[in-house]
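Participant: Structure file target-v9.pdb (PDB, C-alpha atoms) is given on the next line.
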```
ATOM      1  CA  MET A   1       0.000   0.000   0.000
ATOM      2  CA  THR A   2       1.315   3.455  -0.861
ATOM      3  CA  PHE A   3       1.264   6.329   1.620
ATOM      4  CA  LEU A   4      -1.494   8.063  -0.359
ATOM      5  CA  ASP A   5      -3.598   4.892  -0.215
ATOM      6  CA  LEU A   6      -3.030   4.737   3.547
ATOM      7  CA  ALA A   7      -3.954   8.421   3.949
ATOM      8  CA  LYS A   8      -7.140   8.009   1.884
ATOM      9  CA  GLU A   9      -8.136   4.892   3.831
ATOM     10  CA  ARG A  10      -7.759   6.552   7.244
ATOM     11  CA  TYR A  11     -10.803   8.224   8.778
ATOM     12  CA  SER A  12     -11.821   9.547  12.189
ATOM     13  CA  GLU A  13     -13.119   6.571  14.153
ATOM     14  CA  ARG A  14     -16.124   7.205  16.360
ATOM     15  CA  TYR A  15     -17.161   3.609  17.062
ATOM     16  CA  PHE A  16     -14.413   1.696  18.820
ATOM     17  CA  ALA A  17     -14.599  -1.971  19.739
ATOM     18  CA  SER A  18     -13.671  -2.902  23.311
ATOM     19  CA  ARG A  19     -10.722  -4.990  22.064
ATOM     20  CA  PRO A  20      -7.475  -3.662  23.591
ATOM     21  CA  VAL A  21      -4.604  -2.436  21.456
ATOM     22  CA  GLU A  22      -1.684  -4.828  21.792
ATOM     23  CA  ASP A  23       1.349  -3.410  23.635
ATOM     24  CA  GLU A  24       3.626  -4.210  20.676
ATOM     25  CA  LYS A  25       1.442  -2.107  18.373
ATOM     26  CA  LEU A  26       1.192   0.700  20.920
ATOM     27  CA  GLN A  27       4.990   0.764  21.185
ATOM     28  CA  LEU A  28       5.302   1.058  17.387
ATOM     29  CA  ILE A  29       2.791   3.913  17.395
ATOM     30  CA  LEU A  30       4.727   5.692  20.151
ATOM     31  CA  GLU A  31       7.997   5.109  18.266
ATOM     32  CA  ALA A  32       6.521   6.823  15.213
ATOM     33  CA  GLY A  33       5.895   9.843  17.441
ATOM     34  CA  ARG A  34       9.358   9.679  18.970
ATOM     35  CA  ILE A  35      11.095   9.862  15.589
ATOM     36  CA  ALA A  36       8.798  12.505  14.081
ATOM     37  CA  PRO A  37      10.444  15.739  12.953
ATOM     38  CA  THR A  38      10.315  18.754  15.272
ATOM     39  CA  ALA A  39      11.588  22.313  14.907
ATOM     40  CA  CYS A  40      15.391  22.330  15.299
ATOM     41  CA  ASN A  41      15.017  18.733  16.575
ATOM     42  CA  TYR A  42      14.234  20.053  20.070
ATOM     43  CA  GLN A  43      11.750  17.180  20.556
ATOM     44  CA  PRO A  44       9.440  19.023  22.981
ATOM     45  CA  GLN A  45       6.662  16.428  22.694
ATOM     46  CA  ARG A  46       5.427  14.884  25.922
ATOM     47  CA  ILE A  47       3.005  12.007  25.421
ATOM     48  CA  TYR A  48       0.877  10.586  28.193
ATOM     49  CA  VAL A  49      -0.710   7.151  27.681
ATOM     50  CA  ILE A  50      -4.271   6.956  28.984
ATOM     51  CA  LYS A  51      -5.343   3.344  29.536
ATOM     52  CA  SER A  52      -6.602   2.753  33.057
ATOM     53  CA  GLU A  53     -10.254   3.181  33.914
ATOM     54  CA  GLU A  54      -9.322   6.025  36.283
ATOM     55  CA  ALA A  55      -7.290   7.860  33.612
ATOM     56  CA  MET A  56     -10.070   7.376  31.032
ATOM     57  CA  SER A  57     -12.616   8.836  33.475
ATOM     58  CA  LYS A  58     -10.369  11.847  34.068
ATOM     59  CA  ALA A  59      -9.947  12.383  30.327
ATOM     60  CA  ILE A  60     -13.699  12.222  29.761
ATOM     61  CA  SER A  61     -14.258  14.640  32.668
ATOM     62  CA  THR A  62     -12.176  17.242  30.792
ATOM     63  CA  GLY A  63     -14.658  17.242  27.909
ATOM     64  CA  ALA A  64     -12.730  14.851  25.649
ATOM     65  CA  SER A  65     -15.062  12.582  23.691
ATOM     66  CA  LEU A  66     -13.106   9.316  23.595
ATOM     67  CA  CYS A  67     -15.880   7.310  21.902
ATOM     68  CA  GLY A  68     -15.177   4.219  23.997
ATOM     69  CA  CYS A  69     -11.589   3.773  22.850
ATOM     70  CA  PRO A  70      -9.410   1.377  24.868
ATOM     71  CA  VAL A  71      -6.379   3.715  24.864
ATOM     72  CA  ALA A  72      -5.766   7.396  24.209
ATOM     73  CA  LEU A  73      -2.623   9.455  23.910
ATOM     74  CA  LEU A  74      -2.502  12.934  25.402
ATOM     75  CA  VAL A  75      -0.033  14.847  23.235
ATOM     76  CA  CYS A  76       1.578  17.864  24.879
ATOM     77  CA  TYR A  77       4.655  19.982  24.361
ATOM     78  CA  ASP A  78       7.148  21.169  26.944
ATOM     79  CA  ASP A  79       7.065  24.958  26.883
ATOM     80  CA  LYS A  80      10.586  25.066  28.390
ATOM     81  CA  THR A  81      12.036  22.920  25.577
ATOM     82  CA  VAL A  82      10.229  24.235  22.515
ATOM     83  CA  TRP A  83      11.941  26.177  19.701
ATOM     84  CA  ARG A  84      11.031  29.868  19.631
ATOM     85  CA  ASN A  85      11.288  32.593  17.026
ATOM     86  CA  PRO A  86      11.050  35.996  18.738
ATOM     87  CA  LYS A  87      11.764  37.755  15.418
ATOM     88  CA  ASP A  88       8.482  36.713  13.773
ATOM     89  CA  ARG A  89       6.489  39.912  13.238
ATOM     90  CA  CYS A  90       3.125  38.108  12.962
ATOM     91  CA  TYR A  91       3.413  36.331  16.319
ATOM     92  CA  ASP A  92       4.583  37.595  19.684
ATOM     93  CA  ASP A  93       7.356  35.177  20.681
ATOM     94  CA  TYR A  94       6.330  32.415  18.248
ATOM     95  CA  ASN A  95       6.934  28.892  19.528
ATOM     96  CA  ALA A  96       6.688  25.699  17.497
ATOM     97  CA  GLY A  97       5.184  23.559  20.259
ATOM     98  CA  GLU A  98       1.710  23.122  18.835
ATOM     99  CA  GLN A  99       3.152  22.529  15.372
ATOM    100  CA  ASP A 100       5.613  19.935  16.708
ATOM    101  CA  ALA A 101       2.901  18.167  18.695
ATOM    102  CA  ALA A 102       0.663  18.061  15.603
ATOM    103  CA  ILE A 103       3.437  16.505  13.508
ATOM    104  CA  VAL A 104       4.098  13.920  16.227
ATOM    105  CA  ALA A 105       0.385  13.094  16.521
ATOM    106  CA  THR A 106      -0.006  12.807  12.750
ATOM    107  CA  SER A 107       2.941  10.419  12.541
ATOM    108  CA  MET A 108       1.396   8.248  15.262
ATOM    109  CA  MET A 109      -2.022   8.414  13.595
ATOM    110  CA  PHE A 110      -0.686   7.091  10.298
ATOM    111  CA  GLN A 111       1.449   4.423  12.006
ATOM    112  CA  ALA A 112      -1.680   3.267  13.805
ATOM    113  CA  GLN A 113      -3.579   3.098  10.512
ATOM    114  CA  GLU A 114      -0.856   0.971   8.941
ATOM    115  CA  LEU A 115      -1.200  -1.445  11.886
ATOM    116  CA  GLY A 116      -4.983  -1.663  11.512
ATOM    117  CA  VAL A 117      -5.586   0.504  14.587
ATOM    118  CA  HIS A 118      -8.084   3.296  14.045
ATOM    119  CA  SER A 119      -7.787   6.767  15.555
ATOM    120  CA  LEU A 120      -9.702   9.900  16.403
ATOM    121  CA  TRP A 121      -8.044  13.322  16.741
ATOM    122  CA  ILE A 122      -9.630  15.059  19.747
ATOM    123  CA  ARG A 123      -9.441  18.714  20.725
ATOM    124  CA  GLY A 124     -12.768  19.351  22.467
ATOM    125  CA  PHE A 125     -11.306  20.039  25.910
ATOM    126  CA  ASP A 126      -9.954  22.900  27.979
ATOM    127  CA  SER A 127      -6.169  22.659  28.363
ATOM    128  CA  ARG A 128      -6.154  24.073  31.909
ATOM    129  CA  THR A 129      -8.718  21.449  32.949
ATOM    130  CA  VAL A 130      -6.496  18.692  31.487
ATOM    131  CA  ILE A 131      -3.409  20.007  33.294
ATOM    132  CA  GLU A 132      -5.323  20.061  36.574
ATOM    133  CA  ALA A 133      -7.052  16.685  36.113
ATOM    134  CA  PHE A 134      -3.815  14.850  35.373
ATOM    135  CA  HIS A 135      -1.563  16.974  37.622
ATOM    136  CA  LEU A 136       0.719  17.764  34.690
ATOM    137  CA  PRO A 137       3.693  20.053  35.075
ATOM    138  CA  GLU A 138       2.636  23.620  34.200
ATOM    139  CA  ASN A 139       5.084  23.646  31.278
ATOM    140  CA  HIS A 140       3.472  20.568  29.617
ATOM    141  CA  ILE A 141       0.886  22.192  27.353
ATOM    142  CA  PRO A 142      -1.882  19.860  26.083
ATOM    143  CA  VAL A 143      -2.457  20.093  22.337
ATOM    144  CA  MET A 144      -4.713  17.148  21.548
ATOM    145  CA  MET A 145      -5.663  13.592  22.411
ATOM    146  CA  LEU A 146      -5.458  10.711  19.984
ATOM    147  CA  ALA A 147      -8.024   7.994  20.684
ATOM    148  CA  LEU A 148      -6.833   4.582  19.483
ATOM    149  CA  GLY A 149      -8.521   1.239  19.021
ATOM    150  CA  TYR A 150     -10.092  -1.213  16.659
ATOM    151  CA  PRO A 151     -13.292  -0.396  14.773
ATOM    152  CA  SER A 152     -16.609  -1.816  15.911
ATOM    153  CA  GLU A 153     -19.254  -3.277  13.624
ATOM    154  CA  LYS A 154     -20.874   0.218  13.498
ATOM    155  CA  SER A 155     -17.667   1.782  12.174
ATOM    156  CA  HIS A 156     -17.781   3.895   9.013
ATOM    157  CA  PRO A 157     -16.294   7.125   7.651
ATOM    158  CA  ALA A 158     -18.239  10.336   8.252
ATOM    159  CA  HIS A 159     -20.301  11.477   5.271
ATOM    160  CA  LEU A 160     -17.871  14.341   4.533
ATOM    161  CA  HIS A 161     -14.734  12.176   4.851
ATOM    162  CA  ALA A 162     -13.899  11.994   1.145
ATOM    163  CA  LYS A 163     -15.053  15.528   0.306
ATOM    164  CA  ARG A 164     -11.983  17.604  -0.540
ATOM    165  CA  LYS A 165     -11.555  20.984  -2.149
ATOM    166  CA  PRO A 166      -9.905  20.994  -5.569
ATOM    167  CA  MET A 167      -6.138  21.387  -5.405
ATOM    168  CA  GLN A 168      -6.289  24.796  -7.121
ATOM    169  CA  ASP A 169      -8.324  26.096  -4.149
ATOM    170  CA  THR A 170      -5.602  25.219  -1.645
ATOM    171  CA  VAL A 171      -2.241  25.202  -3.482
ATOM    172  CA  PHE A 172      -0.681  28.272  -5.039
ATOM    173  CA  GLU A 173       2.612  28.796  -6.851
ATOM    174  CA  ILE A 174       4.445  32.036  -6.048
TER     175      ILE A 174
END
```
Take the structure I supplied and represent it as structure tokens, if you would.
Facilitator:
Amino acid sequence: MTFLDLAKERYSERYFASRPVEDEKLQLILEAGRIAPTACNYQPQRIYVIKSEEAMSKAISTGASLCGCPVALLVCYDDKTVWRNPKDRCYDDYNAGEQDAAIVATSMMFQAQELGVHSLWIRGFDSRTVIEAFHLPENHIPVMMLALGYPSEKSHPAHLHAKRKPMQDTVFEI
């Protein structure tokens, strides 16, 4: 399977089966995040594995809709480690933390897909609530959660999954 085939096949899973994700597969998914590119290779990503019933309850209490997944990854960045560009005139003290965390999460998402593990990118939570619920260090900034698991019999892509704008609407040569 080519990467484009893999990317087209992947969709946001909202109907997870209760089957656990094997530790070997979870380790491969986490490795894909570990080796993902980050700005200046600072590697500010901090990933928290949410598996226990207590941790899942805390995650749900923050507003995250985990859709019954057996494991979720809370992807954060360390604000003390992140690359910064204070010379950017569009941003006050630009930092690449959110960008780095998104690249890491995307790498893990596609590794999961290759392994037959479905995923759901989650951002419907308040970061301060997540920090407090999990007693994270103040400098670990939550960016998103990645729900992981196997599809249930109700699984299907959302009706807008394959709808994409034409390339000329999103790509421009300068």
Participant: Could you tell me which of A:Met1, A:Asp169, A:Ala39, A:His135 comes closest to Ala96 of chain A if we count all atoms listed in the file?
Facilitator: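 Looking only at the distances to Ala96 of chain A, the closest residue turns out to be A:Ala39.
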Participant: Go through A:Asp92, A:Leu146, A:Gln99, A:Gly63 one by one, measure the shortest atom-to-atom distance of each to Arg128 of chain A using only C-alpha atoms, and give the residue with the smallest value.
Facilitator: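 Looking at the shortest contact to Arg128 of chain A, the residue is A:Gly63.
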Participant: On this structure, the PyMOL selection byres ((chain A and resi 77) around 12) would catch which residues? List them as a PyMOL selection string, sorted by chain and number.
Facilitator: chain A and resi 38-39+42-48+74-76+78-83+95-105+127+136-144
Participant: What would the selection look like, as a ChimeraX atom specification, if the PyMOL selection byres ((chain A and resi 153-155) around 12) were run on the coordinates I just shared?
Facilitator: /A:11-18,67,118-119,149-152,156-158
Participant: Leaving out Ala59 of chain A and any residue of its chain fewer than 5 positions from it, which residues lie within 12 Å of it when counting only C-alpha atoms, given as an MDAnalysis selection string?
Facilitator: chainID A and resid 48:54 64:69 71:74 122:127 129:134 142 144:147
Participant: Could you check how far atom CA of Leu115 of chain A sits from atom CA of Asn41 of chain A, in Å to one decimal?
Facilitator: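 Those two atoms sit 26.3 Å apart.
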Participant: Quick one: which residues end up in the PyMOL selection byres ((chain A and resi 114) around 10) for this structure, as a list in words?
Facilitator: Met1, Phe3, Leu6, Ala7, Glu9, Arg10, Ile29, Met108, Met109, Phe110, Gln111, Ala112, Gln113, Leu115, Gly116, Val117 and His118 of chain A
Participant: Quick one: write out the picked residues with C-alpha atoms as a compact mmCIF listing (two decimals), in the frame of the given file?
Facilitator:
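The new file selection-v8.txt reads:
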```txt
# COMPACT_ATOMS: atom_id res chain seq x y z
CA MET A 1 0.00 0.00 0.00
CA PHE A 3 1.26 6.33 1.62
CA LEU A 6 -3.03 4.74 3.55
CA ALA A 7 -3.95 8.42 3.95
CA GLU A 9 -8.14 4.89 3.83
CA ARG A 10 -7.76 6.55 7.24
CA ILE A 29 2.79 3.91 17.40
CA MET A 108 1.40 8.25 15.26
CA MET A 109 -2.02 8.41 13.60
CA PHE A 110 -0.69 7.09 10.30
CA GLN A 111 1.45 4.42 12.01
CA ALA A 112 -1.68 3.27 13.80
CA GLN A 113 -3.58 3.10 10.51
CA LEU A 115 -1.20 -1.44 11.89
CA GLY A 116 -4.98 -1.66 11.51
CA VAL A 117 -5.59 0.50 14.59
CA HIS A 118 -8.08 3.30 14.04
```
